Amino acid sequence: MSVRVAIIGTGVMGADHAKILASDVPGAILQVICDANEARARELGDHLGAAHVLTDPIEVLSRTDVDAVLIASPDNTHADLTIAAIAAGKHVLCEKPLAPTSQESLRVIEAESRLGERRVHVGFMRRFDPAYGAMKSAMEDGVVGDALMMHNFHRNVTAPEWFTGEMAISNSAPHEFDICRFVLDTEYLSVLAVQMPSRNSIAPVFLVLKTSDGQMVNIEVNNNAAYGYDVRCELVGSAGSVDLKAPVHATYNASLQSVQRFDADWRPRFADAYRLQNKAWINAIASGATDPRLANAWDGLCSTLVAEAGVVSLQTGTWQPVSSLDVPALYQVTKANSLLVEKAK
Ligand code: ISE
């Protein structure tokens, strides 16, 4: 069965998702490309052979020839568009964050719970990265003993002038909040965020988190690292540790040196992860069997709750508790849910 997809938003990530779906995901049909900027939408739509180009997302949602929408418009539009998509009976893959605030994320969860069916996934693609996958397997197979800590580095080449420490927490660090929660299979209790004054437009932010299973997670977010896009992680357990390895396809030997290159941003580093995530999403819609790695709306809310506490911590210089809410029935692991997981394996 094929799935007719509309892409809403054709910025950096919308364009990347459209290319992946058009070229790498069997069963996906690029039905609509939608962007408020018509010229940009048309250029991408023509290039990828999309069936239609539109500028109004609400018109996209009313079409009967669209089964699923990939939402990659600005963050502050995510919740409303996702809720409208649920009402229109569409499946959704929403880029992270599900919403900038927990209140908006909760509105999505309420809408999905009313429907009584999980229709929404969130683009936490690192769950599909083979390196993080190896780390999670090592943890589950007991190779490193009991998990004690996860050390994370998240470095971007450069951030725009207007990027703030708060945005490092609400826009960049959610990837780590989510992947560490996923690898450790735990929840966060509290967070401390610090940033030192710097001559840079944005100085690094450092976060420490405690989990409900007694582990520590630390995250350096450095959005002006200058030298390359660099994500590192080490899981430390009572019997050993696992280091994340970025995919390396070549080293360049010349002028008495051996050089390994960095990517300029996250797209090449996580190309496999994006591809595998999008395949899993299309497969879940086509077959009804959900890959357990796909992040759902509840996962989206959880990372927003941590980000909110982290921003308050940065502003007050104090440890902040991370709100814990009861998991609604729709997101609990039930027998029916695990059957779907089994089917997906
Ligand atoms: C950006 O929004 C992303 O999602 C990237 O994956 C991340 O590395 C970057 O820091 C964010 O700003």
# chains A, B, ... in the order shown; residues from 1 in each chain; ligands from 1
call {"tool": "closest_atom_pairs", "arguments": {"of": "chain A", "to": "ligand 1", "cutoff": "10 Å", "atoms": "only C-alpha atoms and all ligand atoms", "output": "CSV"}}
result
residue,atom,partner,partner_atom_place_in_ligand_line,distance
A:Val12,CA,ligand 1,2 (O),9.6
A:Met13,CA,ligand 1,4 (O),8.4
A:Asp75,CA,ligand 1,2 (O),9.6
A:Glu95,CA,ligand 1,4 (O),8.2
A:Lys96,CA,ligand 1,4 (O),6.9
A:Pro97,CA,ligand 1,4 (O),8.6
A:Gly123,CA,ligand 1,4 (O),8.9
A:Phe124,CA,ligand 1,4 (O),8.6
A:Met125,CA,ligand 1,6 (O),8.7
A:Arg126,CA,ligand 1,6 (O),8.8
A:His154,CA,ligand 1,8 (O),6.8
A:Arg155,CA,ligand 1,10 (O),7.1
A:Asn156,CA,ligand 1,10 (O),5.9
A:Val157,CA,ligand 1,10 (O),9.4
A:Thr158,CA,ligand 1,10 (O),9.6
A:Ala159,CA,ligand 1,12 (O),8.1
A:Phe163,CA,ligand 1,12 (O),9.2
A:Met167,CA,ligand 1,12 (O),8.2
A:Ala168,CA,ligand 1,10 (O),7.2
A:Ile169,CA,ligand 1,10 (O),9.3
A:Ser170,CA,ligand 1,12 (O),9.0
A:Asn171,CA,ligand 1,12 (O),5.4
A:Ser172,CA,ligand 1,10 (O),3.8
A:Ala173,CA,ligand 1,10 (O),7.1
A:Pro174,CA,ligand 1,4 (O),8.5
A:His175,CA,ligand 1,6 (O),7.0
A:Glu176,CA,ligand 1,8 (O),9.6
A:Val221,CA,ligand 1,10 (O),7.9
A:Asn222,CA,ligand 1,10 (O),8.5
A:Asn223,CA,ligand 1,10 (O),6.7
A:Tyr229,CA,ligand 1,8 (O),7.7
A:Asp230,CA,ligand 1,8 (O),8.7
A:Val231,CA,ligand 1,8 (O),8.0
A:Asp265,CA,ligand 1,8 (O),7.1
A:Trp266,CA,ligand 1,6 (O),5.3
A:Arg267,CA,ligand 1,6 (O),7.6
A:Arg269,CA,ligand 1,6 (O),9.4
A:Phe270,CA,ligand 1,6 (O),8.3
call {"tool": "residues_around", "arguments": {"residues": "Trp281 of chain A", "least_positions_apart": "3", "cutoff": "9 Å", "atoms": "only C-alpha atoms", "output": "MDAnalysis selection string"}}
result
chainID A and resid 92:93 121 276:278 284:286 290:291 294
call {"tool": "residues_around", "arguments": {"residues": "Ile282 of chain A", "least_positions_apart": "6", "cutoff": "9 Å", "atoms": "only C-alpha atoms", "output": "JSON, numbers by chain"}}
result
{"A": [2, 3, 25, 26, 27, 28, 68]}
call {"tool": "select_by_dssp", "arguments": {"residues": "segment 16-147 of chain A", "states": "alpha helix (DSSP H)", "output": "number ranges by chain"}}
result
A: 16-24, 38-48, 57-61, 78-87, 102-115, 130-140
call {"tool": "closest_residue", "arguments": {"among": "A:Leu70, A:Val191, A:Ile7, A:Leu81", "to": "Thr316 of chain A", "atoms": "only C-alpha atoms"}}
result
A:Val191
call {"tool": "closest_atom_pairs", "arguments": {"of": "segment 99-133 of chain A", "to": "segment 242-245 of chain A", "cutoff": "10 Å", "atoms": "only C-alpha atoms", "output": "CSV"}}
result
residue,atom,partner,partner_atom,distance
A:Pro130,CA,A:Lys245,CA,9.4
A:Ala131,CA,A:Leu244,CA,5.7
A:Tyr132,CA,A:Leu244,CA,6.6
A:Gly133,CA,A:Leu244,CA,9.6
call {"tool": "closest_residue", "arguments": {"among": "A:Val60, A:Leu209, A:Ile20, A:Cys180", "to": "Ile33 of chain A", "atoms": "only C-alpha atoms"}}
result
A:Val60
call {"tool": "select_by_dssp", "arguments": {"residues": "segment 64-162 of chain A", "states": "strand (DSSP E)", "output": "ChimeraX atom specification"}}
result
/A:68-71,91-94,120-122,147-155
call {"tool": "closest_residue", "arguments": {"among": "A:Leu184, A:Met150, A:Phe177, A:Leu189", "to": "Arg232 of chain A", "atoms": "only C-alpha atoms"}}
result
A:Met150
call {"tool": "residues_around", "arguments": {"residues": "Arg42 of chain A", "least_positions_apart": "5", "cutoff": "12 Å", "atoms": "only C-alpha atoms", "output": "PyMOL selection string"}}
result
chain A and resi 9-10+15+32-37+47-55
call {"tool": "write_last_selection", "arguments": {"atoms": "N, CA, C and O atoms", "output": "tab-separated table (two decimals), in the first residue's frame"}}
result
chain	number	residue	atom	x	y	z
A	9	GLY	N	5.93	23.12	4.96
A	9	GLY	CA	7.15	23.85	5.33
A	9	GLY	C	8.33	23.32	4.55
A	9	GLY	O	8.62	22.11	4.61
A	10	THR	N	8.97	24.21	3.80
A	10	THR	CA	10.08	23.73	2.96
A	10	THR	C	11.39	24.46	3.30
A	10	THR	O	12.17	24.80	2.43
A	15	ALA	N	12.65	20.52	3.28
A	15	ALA	CA	13.24	20.16	1.99
A	15	ALA	C	13.98	18.82	2.10
A	15	ALA	O	13.90	17.97	1.21
A	32	VAL	N	1.90	16.46	-2.05
A	32	VAL	CA	1.81	17.93	-1.98
A	32	VAL	C	3.07	18.51	-1.33
A	32	VAL	O	3.57	17.96	-0.35
A	33	ILE	N	3.54	19.61	-1.90
A	33	ILE	CA	4.56	20.41	-1.21
A	33	ILE	C	3.89	21.73	-0.88
A	33	ILE	O	3.30	22.37	-1.76
A	34	CYS	N	3.93	22.11	0.39
A	34	CYS	CA	3.22	23.33	0.81
A	34	CYS	C	4.16	24.26	1.55
A	34	CYS	O	4.88	23.83	2.47
A	35	ASP	N	4.17	25.51	1.15
A	35	ASP	CA	4.96	26.52	1.87
A	35	ASP	C	4.33	27.88	1.58
A	35	ASP	O	3.82	28.11	0.47
A	36	ALA	N	4.35	28.76	2.59
A	36	ALA	CA	3.80	30.11	2.40
A	36	ALA	C	4.55	30.82	1.26
A	36	ALA	O	3.99	31.65	0.56
A	37	ASN	N	5.81	30.46	1.09
A	37	ASN	CA	6.61	31.02	0.00
A	37	ASN	C	6.40	30.15	-1.25
A	37	ASN	O	7.00	29.08	-1.40
A	47	HIS	N	11.29	20.08	-8.72
A	47	HIS	CA	12.52	19.31	-8.68
A	47	HIS	C	12.27	17.85	-8.29
A	47	HIS	O	12.86	16.93	-8.84
A	48	LEU	N	11.34	17.65	-7.34
A	48	LEU	CA	11.11	16.28	-6.84
A	48	LEU	C	9.91	15.60	-7.50
A	48	LEU	O	9.61	14.45	-7.17
A	49	GLY	N	9.22	16.31	-8.36
A	49	GLY	CA	8.08	15.71	-9.06
A	49	GLY	C	6.86	15.54	-8.16
A	49	GLY	O	6.11	14.56	-8.30
A	50	ALA	N	6.63	16.49	-7.25
A	50	ALA	CA	5.43	16.41	-6.40
A	50	ALA	C	4.19	16.64	-7.26
A	50	ALA	O	4.23	17.40	-8.22
A	51	ALA	N	3.08	16.00	-6.88
A	51	ALA	CA	1.87	16.12	-7.70
A	51	ALA	C	1.26	17.52	-7.61
A	51	ALA	O	0.74	18.04	-8.58
A	52	HIS	N	1.30	18.14	-6.42
A	52	HIS	CA	0.68	19.47	-6.25
A	52	HIS	C	1.57	20.37	-5.40
A	52	HIS	O	2.29	19.90	-4.53
A	53	VAL	N	1.42	21.67	-5.65
A	53	VAL	CA	2.13	22.67	-4.83
A	53	VAL	C	1.08	23.63	-4.29
A	53	VAL	O	0.26	24.15	-5.04
A	54	LEU	N	1.08	23.83	-2.96
A	54	LEU	CA	0.08	24.71	-2.34
A	54	LEU	C	0.76	25.66	-1.35
A	54	LEU	O	1.90	25.41	-0.93
A	55	THR	N	0.02	26.71	-0.96
A	55	THR	CA	0.59	27.64	0.02
A	55	THR	C	-0.16	27.63	1.34
A	55	THR	O	0.31	28.19	2.32
call {"tool": "closest_residue", "arguments": {"among": "A:Ala87, A:Cys233, A:Arg261, A:Ala6", "to": "Asp56 of chain A", "atoms": "only C-alpha atoms"}}
result
A:Ala6
call {"tool": "atom_distance", "arguments": {"atom1": "atom CA of Ala79 of chain A", "atom2": "atom CA of Arg107 of chain A"}}
result
7.6 Å
call {"tool": "closest_residue", "arguments": {"among": "A:Leu98, A:Val122, A:Val205, A:Met216", "to": "Ala147 of chain A", "atoms": "only C-alpha atoms"}}
result
A:Met216
